[in-house]
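Asks: I'm passing along my_file20.txt; it holds compact mmCIF, C-alpha atoms.
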# COMPACT_ATOMS: atom_id res chain seq x y z
CA MET A 256 3.63 29.45 54.30
CA THR A 257 6.10 31.89 52.73
CA VAL A 258 5.87 34.21 49.76
CA HIS A 259 8.81 34.08 47.35
CA TYR A 260 9.76 37.23 45.52
CA SER A 261 12.39 39.00 43.46
CA ALA A 262 13.62 42.39 44.61
CA GLY A 263 16.09 44.16 42.36
CA ASN A 264 18.46 41.41 41.31
CA GLN A 265 17.70 39.32 44.36
CA ILE A 266 15.19 36.75 45.53
CA GLY A 267 14.02 35.70 48.94
CA ALA A 268 11.08 34.58 51.05
CA ILE A 269 8.54 36.58 53.01
CA PRO A 270 6.92 34.96 56.04
CA GLU A 271 3.20 35.11 55.32
CA ASP A 272 2.28 37.13 58.40
CA SER A 273 5.28 39.45 58.72
CA ALA A 274 7.64 41.70 56.84
CA PRO A 275 10.81 40.05 55.46
CA PRO A 276 14.19 40.49 57.10
CA ALA A 277 16.87 41.90 54.81
CA SER A 278 19.03 38.84 55.43
CA THR A 279 16.72 36.69 53.27
CA LEU A 280 17.96 38.43 50.09
CA ILE A 281 20.39 36.45 47.96
CA PRO A 282 21.44 36.69 44.29
CA SER A 283 18.92 35.38 41.75
CA TRP A 284 19.64 32.91 38.97
CA PRO A 285 21.21 34.21 35.74
CA LYS A 286 19.23 34.70 32.55
CA LYS A 287 19.68 32.01 29.93
CA THR A 288 21.33 32.94 26.64
CA TRP A 289 21.40 31.17 23.31
CA SER A 290 25.14 30.51 23.20
CA LEU A 291 26.95 28.66 20.40
CA GLU A 292 27.12 25.62 22.70
CA ARG A 293 23.34 25.63 23.24
CA LEU A 294 22.68 26.07 19.53
CA TRP A 295 24.95 23.11 18.75
CA SER A 296 23.10 21.02 21.37
CA ILE A 297 19.75 21.87 19.76
CA LEU A 298 21.05 21.04 16.28
CA TRP A 299 22.49 17.73 17.49
CA HIS A 300 19.31 16.67 19.27
CA GLY A 301 17.23 17.70 16.26
CA LEU A 302 19.36 15.62 13.88
CA THR A 303 19.29 12.58 16.18
CA HIS A 304 15.51 12.81 16.67
CA LEU A 305 14.35 13.71 13.18
CA GLY A 306 11.14 11.70 13.43
CA THR A 307 10.15 13.44 16.65
CA HIS A 308 10.95 16.87 15.25
CA ARG A 309 8.88 16.22 12.14
CA GLU A 310 5.95 15.35 14.40
CA VAL A 311 6.38 18.61 16.31
CA LEU A 312 6.59 20.65 13.09
CA ARG A 313 3.51 18.95 11.63
CA LEU A 314 1.50 19.89 14.70
CA LEU A 315 2.73 23.49 14.75
CA LEU A 316 2.17 24.12 11.05
CA LYS A 317 -1.22 22.39 11.00
CA LEU A 318 -2.81 24.55 13.69
CA PRO A 319 -3.16 28.26 12.73
CA PRO A 320 -2.76 29.75 16.26
CA LEU A 321 0.51 27.82 16.70
CA ALA A 322 1.74 28.50 13.17
CA GLU A 323 1.38 32.23 13.87
CA ILE A 324 3.61 31.91 16.93
CA VAL A 325 6.27 30.01 14.95
CA SER A 326 6.26 32.60 12.16
CA SER A 327 7.04 35.38 14.63
CA ASN A 328 9.32 33.29 16.87
CA PRO A 329 11.01 30.33 15.07
CA ARG A 330 12.76 29.34 18.32
CA PHE A 331 9.37 28.24 19.65
CA ALA A 332 9.54 25.11 17.46
CA VAL A 333 12.86 23.90 18.85
CA LYS A 334 12.85 24.95 22.50
CA TYR A 335 11.84 21.44 23.60
CA LEU A 336 15.27 20.31 22.34
CA THR A 337 17.11 22.39 24.95
CA PRO A 338 18.44 20.28 27.87
CA ASN A 339 16.70 22.30 30.60
CA TYR A 340 13.28 22.56 28.97
CA LEU A 341 10.66 22.22 31.75
CA VAL A 342 12.63 19.83 33.97
CA GLN A 343 16.33 19.10 34.31
CA GLY A 344 17.13 15.49 33.47
CA MET A 345 14.28 14.76 31.06
CA THR A 346 15.05 12.91 27.83
CA VAL A 347 14.30 14.45 24.42
CA ALA A 348 11.45 11.96 24.03
CA GLU A 349 9.91 13.05 27.34
CA ARG A 350 10.29 16.75 26.55
CA ALA A 351 8.71 16.28 23.12
CA ALA A 352 5.85 14.26 24.64
CA CYS A 353 5.11 17.12 27.05
CA PHE A 354 5.21 19.74 24.30
CA LEU A 355 2.98 17.75 21.94
CA HIS A 356 0.49 16.71 24.61
CA HIS A 357 0.14 20.25 25.93
CA TYR A 358 -0.65 21.88 22.59
CA ARG A 359 -2.84 19.09 21.31
CA ARG A 360 -4.84 19.34 24.52
CA LEU A 361 -5.16 23.11 24.33
CA HIS A 362 -6.23 22.97 20.70
CA ASP A 363 -8.86 20.32 21.40
CA ALA A 364 -10.10 22.13 24.51
CA MET A 365 -10.21 25.77 23.44
CA PRO A 366 -11.87 27.55 20.53
CA ASP A 367 -9.25 29.05 18.19
CA SER A 368 -10.14 32.58 19.27
CA LEU A 369 -9.39 31.88 22.95
CA LEU A 370 -6.27 29.84 22.17
CA ARG A 371 -4.93 32.60 19.92
CA ARG A 372 -5.53 35.23 22.60
CA THR A 373 -3.88 33.01 25.24
CA LEU A 374 -0.78 32.58 23.08
CA GLN A 375 -0.50 36.23 22.09
CA GLU A 376 -1.57 38.12 25.21
CA ASN A 377 -2.54 37.67 28.84
CA VAL A 378 -6.21 36.73 29.11
CA ALA A 379 -8.00 37.84 32.28
CA ILE A 380 -9.74 34.86 33.88
CA HIS A 381 -10.76 36.41 37.21
CA GLU A 382 -10.74 39.81 38.89
CA ILE A 383 -10.95 40.57 42.60
CA PRO A 384 -11.96 44.17 43.37
CA GLU A 385 -10.89 45.28 46.83
CA GLY A 386 -11.63 48.91 47.65
CA ALA A 387 -9.73 51.13 45.24
CA HIS A 388 -7.49 48.24 44.11
CA ARG A 389 -7.89 45.53 41.50
CA PHE A 390 -6.32 42.09 41.80
CA THR A 391 -6.47 40.22 38.49
CA ILE A 392 -5.50 36.67 37.52
CA THR A 393 -4.48 36.26 33.89
CA MET A 394 -3.16 33.39 31.79
CA GLY A 395 -0.85 33.52 28.80
CA LEU A 396 2.11 31.99 27.03
CA SER A 397 5.15 32.07 29.32
CA ARG A 398 7.43 35.01 28.55
CA PRO A 399 10.34 35.65 28.67
CA TYR A 400 11.26 32.41 30.49
CA ASP A 401 9.44 30.16 28.02
CA GLU A 402 11.44 27.03 28.89
CA GLU A 403 10.14 26.96 32.49
CA GLY A 404 6.54 26.10 31.58
CA GLU A 405 4.38 26.60 28.51
CA LEU A 406 1.64 28.67 30.16
CA SER A 407 1.78 31.09 33.07
CA LEU A 408 -0.82 32.31 35.52
CA HIS A 409 -0.07 35.88 36.58
CA LEU A 410 -1.27 37.82 39.57
CA HIS A 411 -1.67 41.53 38.79
CA VAL A 412 -2.03 44.32 41.31
CA ASP A 413 -3.63 47.37 39.69
CA GLY A 414 -2.48 46.17 36.27
CA GLU A 415 1.09 45.22 37.25
CA ILE A 416 2.23 41.58 37.35
CA VAL A 417 3.68 40.69 40.75
CA PHE A 418 3.74 36.88 40.85
CA VAL A 419 3.96 34.06 38.29
CA LEU A 420 3.07 30.35 38.33
CA SER A 421 4.12 28.44 35.18
CA PHE A 422 2.73 25.06 34.20
CA THR A 423 2.29 22.58 31.37
CA ILE A 424 -0.33 19.88 30.73
CA VAL A 425 1.79 16.74 30.47
CA PRO A 426 1.09 13.02 30.02
CA GLY A 427 1.06 11.29 33.40
CA TRP A 428 3.70 8.71 32.49
CA VAL A 429 6.35 11.45 32.15
CA VAL A 430 6.13 12.20 35.89
CA LYS A 431 5.48 8.52 36.73
CA SER A 432 1.84 9.12 37.60
CA ARG A 433 -1.05 6.73 37.01
CA ALA A 434 -3.19 9.66 35.88
CA ALA A 435 -3.60 10.05 32.12
CA GLU A 436 -2.50 13.67 32.30
CA VAL A 437 -1.17 16.00 34.97
CA LEU A 438 -0.73 19.73 35.46
CA LEU A 439 3.01 20.09 36.03
CA VAL A 440 4.05 23.22 37.97
CA THR A 441 7.61 24.22 37.06
CA ARG A 442 7.92 27.86 38.12
CA LEU A 443 6.78 29.80 41.20
CA GLN A 444 8.32 33.24 41.45
CA GLY A 445 7.63 36.81 42.40
CA VAL A 446 8.42 39.47 39.83
CA LYS A 447 11.50 41.65 40.11
CA GLY A 448 10.74 44.84 42.00
CA ALA A 449 7.31 43.70 43.24
CA TYR A 450 8.32 43.23 46.88
CA SER A 451 5.88 45.76 48.37
CA GLN A 452 2.96 44.63 46.18
CA ILE A 453 3.47 40.99 47.21
CA CYS A 454 3.32 41.98 50.87
CA PHE A 455 0.21 44.05 50.12
CA VAL A 456 -1.54 41.13 48.38
CA THR A 457 -1.09 38.83 51.35
CA ARG A 458 -2.23 41.41 53.88
CA THR A 459 -5.28 42.40 51.84
CA LEU A 460 -6.57 39.06 50.54
CA HIS A 461 -7.33 37.12 53.74
CA ASP A 462 -3.65 36.30 54.42
CA VAL A 463 -3.54 34.15 51.29
CA ALA A 464 -0.07 34.33 49.74
CA PRO A 465 0.23 34.86 45.96
CA ALA A 466 1.56 31.34 45.31
CA ALA A 467 -1.43 29.79 47.11
CA LEU A 468 -3.83 32.10 45.30
CA LEU A 469 -2.50 31.13 41.87
CA LEU A 470 -2.50 27.47 42.86
CA ALA A 471 -6.22 27.83 43.64
CA ALA A 472 -6.69 29.29 40.15
CA LEU A 473 -4.77 26.34 38.67
CA GLN A 474 -7.10 23.93 40.45
CA GLY A 475 -9.98 25.75 38.79
CA LEU A 476 -8.42 25.07 35.41
CA ALA A 477 -7.92 21.44 36.43
CA ASP A 478 -11.63 21.19 37.32
CA ALA A 479 -12.67 22.64 33.96
CA PHE A 480 -10.28 20.39 32.00
CA GLY A 481 -11.15 17.26 33.97
CA ILE A 482 -7.56 16.86 35.22
CA SER A 483 -7.38 15.05 38.53
CA GLU A 484 -3.75 15.59 39.57
CA ILE A 485 -1.20 18.35 40.01
CA ALA A 486 2.53 17.65 40.11
CA GLY A 487 5.26 20.01 41.28
CA ILE A 488 8.93 20.05 40.43
CA SER A 489 11.60 19.59 43.10
CA ALA A 490 14.18 22.34 43.53
CA ILE A 491 17.15 20.49 42.05
CA ARG A 492 15.19 19.65 38.87
CA GLN A 493 13.94 23.20 38.33
CA SER A 494 15.15 24.56 35.00
CA ALA A 495 17.07 27.48 36.50
CA TYR A 496 18.35 25.72 39.66
CA SER A 497 21.63 27.04 41.02
CA GLN A 498 23.65 25.43 43.80
CA ASP A 499 24.52 28.92 45.02
CA CYS A 500 20.81 29.51 45.75
CA ALA A 501 19.98 25.96 46.87
CA ALA A 502 18.30 26.98 50.13
CA VAL A 503 15.99 29.48 48.46
CA PHE A 504 15.04 27.06 45.68
CA LYS A 505 14.30 24.37 48.26
CA GLU A 506 12.04 26.74 50.19
CA ALA A 507 10.29 27.97 47.06
CA TYR A 508 9.53 24.49 45.71
CA ASP A 509 10.13 21.49 48.01
CA ASP A 510 9.07 23.17 51.25
CA PHE A 511 6.04 24.84 49.64
CA PHE A 512 4.79 21.55 48.15
CA VAL A 513 5.40 19.64 51.37
CA GLU A 514 3.43 22.24 53.32
CA LEU A 515 0.54 21.71 50.91
CA GLY A 516 0.57 18.01 51.77
CA MET A 517 1.91 16.86 48.39
CA TYR A 518 3.90 13.63 48.44
CA LYS A 519 7.26 13.20 46.74
CA SER A 520 7.83 10.32 44.36
CA GLU A 521 11.14 8.55 43.81
CA THR A 522 11.59 10.52 40.57
CA GLY A 523 11.65 13.84 42.43
CA PHE A 524 8.16 15.13 41.61
CA TYR A 525 5.56 16.15 44.17
CA HIS A 526 2.02 14.88 43.57
CA ALA A 527 -1.43 15.79 44.86
CA PRO A 528 -5.01 15.08 43.80
CA VAL A 529 -7.36 17.87 42.77
CA PRO A 530 -8.73 19.34 44.95
CA LEU A 531 -5.72 19.40 47.27
CA GLN A 532 -6.43 17.78 50.61
CA VAL A 533 -6.51 20.08 53.65
CA LYS A 534 -5.96 19.45 57.34
CA PRO A 535 -9.25 18.86 59.21
CA LEU A 536 -10.32 21.91 61.21
CA ALA A 537 -10.25 19.75 64.35
CA PHE A 538 -6.45 19.73 64.04
CA ILE A 539 -6.19 23.52 63.68
CA LYS A 540 -5.24 25.47 66.80
CA HIS A 541 -8.25 26.95 68.55
CA GLY A 542 -7.35 30.59 67.93
CA HIS A 543 -6.68 30.02 64.21
CA LYS A 544 -9.84 28.20 63.13
CA LEU A 545 -11.84 31.23 62.03
CA ARG A 546 -8.98 32.67 59.96
CA THR A 547 -8.30 29.25 58.43
CA LYS A 548 -11.96 28.91 57.42
CA GLU A 549 -11.91 32.37 55.83
CA LYS A 550 -8.72 31.60 53.88
CA ARG A 551 -10.10 28.29 52.63
CA ALA A 552 -13.40 29.87 51.61
CA PHE A 553 -11.55 32.58 49.69
CA LYS A 554 -9.35 30.08 47.84
CA GLN A 555 -12.42 27.97 47.04
CA GLN A 556 -14.05 31.08 45.60
CA ILE A 557 -11.01 31.65 43.37
CA GLN A 558 -11.02 28.02 42.23
CA LEU A 559 -14.72 28.08 41.33
CA ALA A 560 -14.45 31.40 39.52
CA CYS A 561 -11.53 30.24 37.37
CA ALA A 562 -13.24 26.94 36.60
CA GLY A 563 -16.31 28.94 35.59
CA PHE A 564 -14.29 31.03 33.14
CA PHE A 565 -13.12 27.97 31.21
CA GLN A 566 -16.50 26.27 31.42
CA GLN A 567 -18.00 29.38 29.82
CA PHE A 568 -15.44 30.01 27.07
CA ALA A 569 -14.15 26.46 26.58
CA PRO A 570 -17.17 24.31 27.53
CA THR A 571 -15.78 21.14 25.94
CA ALA A 572 -12.42 21.36 27.75
CA SER A 573 -13.22 18.42 30.05
CA LEU A 574 -13.97 16.13 27.08
CA LYS A 575 -10.62 14.45 26.70
CA PRO A 576 -9.65 13.37 23.16
CA PRO A 577 -8.07 9.95 22.53
CA LEU A 578 -4.35 10.17 23.35
What would you get if you wrote out this structure as structure tokens?
Replies:
Amino acid sequence: MTVHYSAGNQIGAIPEDSAPPASTLIPSWPKKTWSLERLWSILWHGLTHLGTHREVLRLLLKLPPLAEIVSSNPRFAVKYLTPNYLVQGMTVAERAACFLHHYRRLHDAMPDSLLRRTLQENVAIHEIPEGAHRFTITMGLSRPYDEEGELSLHLHVDGEIVFVLSFTIVPGWVVKSRAAEVLLVTRLQGVKGAYSQICFVTRTLHDVAPAALLLAALQGLADAFGISEIAGISAIRQSAYSQDCAAVFKEAYDDFFVELGMYKSETGFYHAPVPLQVKPLAFIKHGHKLRTKEKRAFKQQIQLACAGFFQQFAPTASLKPPL
């Protein structure tokens, strides 16, 4: 497994059990801007999908925690109209379905107080004390890259975010799944300048890389919400994909999901049941069995703790409303 990170204006991959060679650094993807061309695209899609946009506005204005977000950030109500929202190649109808499903589900699952906090700040869902250091997993509205997933899980080291996993609760049909709903992972990235902390996390926490740790936390959320499947995006459909960085994107997404045992569908999404299946210990090399057991036990601990958070503060989350 590798750990993907941003260092300065560059991104790369750290082998899980060693320090990274300097040659792995390559330029990162550019930040998105709201150009005149993008604004025209949003206006055009809004005018040609008026019925859909009315449905989105009704939902946002009806629910106080969402209405508060729109009042402070009007762009929130139209971001689903941008071509690269969540996944490259989705139709407006698919993007709107994801947006609507996600927020209806959150509203039905969470009390308003927790939903409001989640949308306005990063809510701590689990903390791992380790000597003088604190490793904390939080969840909040994705910022500043809010088109690459509606919610983000963050890994903090002593209060500083070092790694991000972004996801959205989407209807299964959008990713061609038989499941009613799926947790769609659309961003896995280390934070700019957090190179040393990412190395430190892996060394300190049983050789579990940040991406795997946050994926364990996501499975905990899936358990609490009664969601039986996780899907991952392929590199070329990632919102910020760049041909110049194709190899790094492939390693960060396709290779990571394949290593987890997720299977790729014809539509370019990787799928796996929750909990993710693991290789039987009988197939693990003799000298690695003890470490593998420790890593799996640690990730299971993370999953249970995060599930417990939602079961405590959102006890009805697993009761799915009619869709």
Asks: Could you list, as a ChimeraX atom specification, every residue within 8 Å of Gly404 of chain A, counting all atoms listed in the file and ignoring same-chain residues fewer than 6 positions away?
Replies: /A:341,397,421-423,440-442
Asks: Report as CSV the residues of segment 340-440 of chain A within 9 Å of segment 307-317 of chain A, each with its shortest atom pair and distance in Å (one decimal), using all atoms listed in the file, ordered by chain and increasing residue number.
Replies:
residue,atom,partner,partner_atom,distance
A:Val347,CA,A:Thr307,CA,8.9
A:Ala348,CA,A:Thr307,CA,7.6
A:Ala351,CA,A:Thr307,CA,7.2
A:Phe354,CA,A:Val311,CA,8.2
A:Leu355,CA,A:Val311,CA,6.6
A:Tyr358,CA,A:Leu314,CA,8.4
A:Arg359,CA,A:Leu314,CA,7.9
Asks: Those residues with C-alpha atoms, as a short mmCIF file (atom, residue, chain, number, x, y, z; two decimals), in the frame of the given file please?
Replies:
data_model
loop_
_atom_site.label_atom_id
_atom_site.label_comp_id
_atom_site.auth_asym_id
_atom_site.auth_seq_id
_atom_site.Cartn_x
_atom_site.Cartn_y
_atom_site.Cartn_z
CA VAL A 347 14.30 14.45 24.42
CA ALA A 348 11.45 11.96 24.03
CA ALA A 351 8.71 16.28 23.12
CA PHE A 354 5.21 19.74 24.30
CA LEU A 355 2.98 17.75 21.94
CA TYR A 358 -0.65 21.88 22.59
CA ARG A 359 -2.84 19.09 21.31
#
Asks: Work out how far atom CA of Val456 of chain A is from atom CA of Phe538 of chain A, in Å to one decimal.
Replies: 27.0 Å
Asks: For Pro319 of chain A, which of A:His356, A:Leu305, A:Leu374, A:Asp413 is the closest residue, counting all atoms listed in the file?
Replies: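 Among A:His356, A:Leu305, A:Leu374, A:Asp413, it is A:Leu374 that comes nearest to Pro319 of chain A.
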Asks: What are the nearest atom pairs, with distances in Å to one decimal, for all residues of segment 424-481 of chain A that come at most 10 Å from segment 381-393 of chain A, using all atoms listed in the file, set out by chain and rising residue number as CSV?
Replies:
residue,atom,partner,partner_atom,distance
A:Val456,CA,A:Phe390,CA,8.2
A:Thr459,CA,A:Glu385,CA,8.1
A:Leu460,CA,A:Glu385,CA,8.4
A:Leu468,CA,A:Ile392,CA,9.2
A:Leu469,CA,A:Ile392,CA,7.7
A:Ala472,CA,A:Ile392,CA,7.9
Asks: Would you please work out which residue, of A:Ile453, A:Pro366, A:Asn339, A:Val446, is nearest to Ile491 of chain A when using only C-alpha atoms?
Replies: A:Asn339
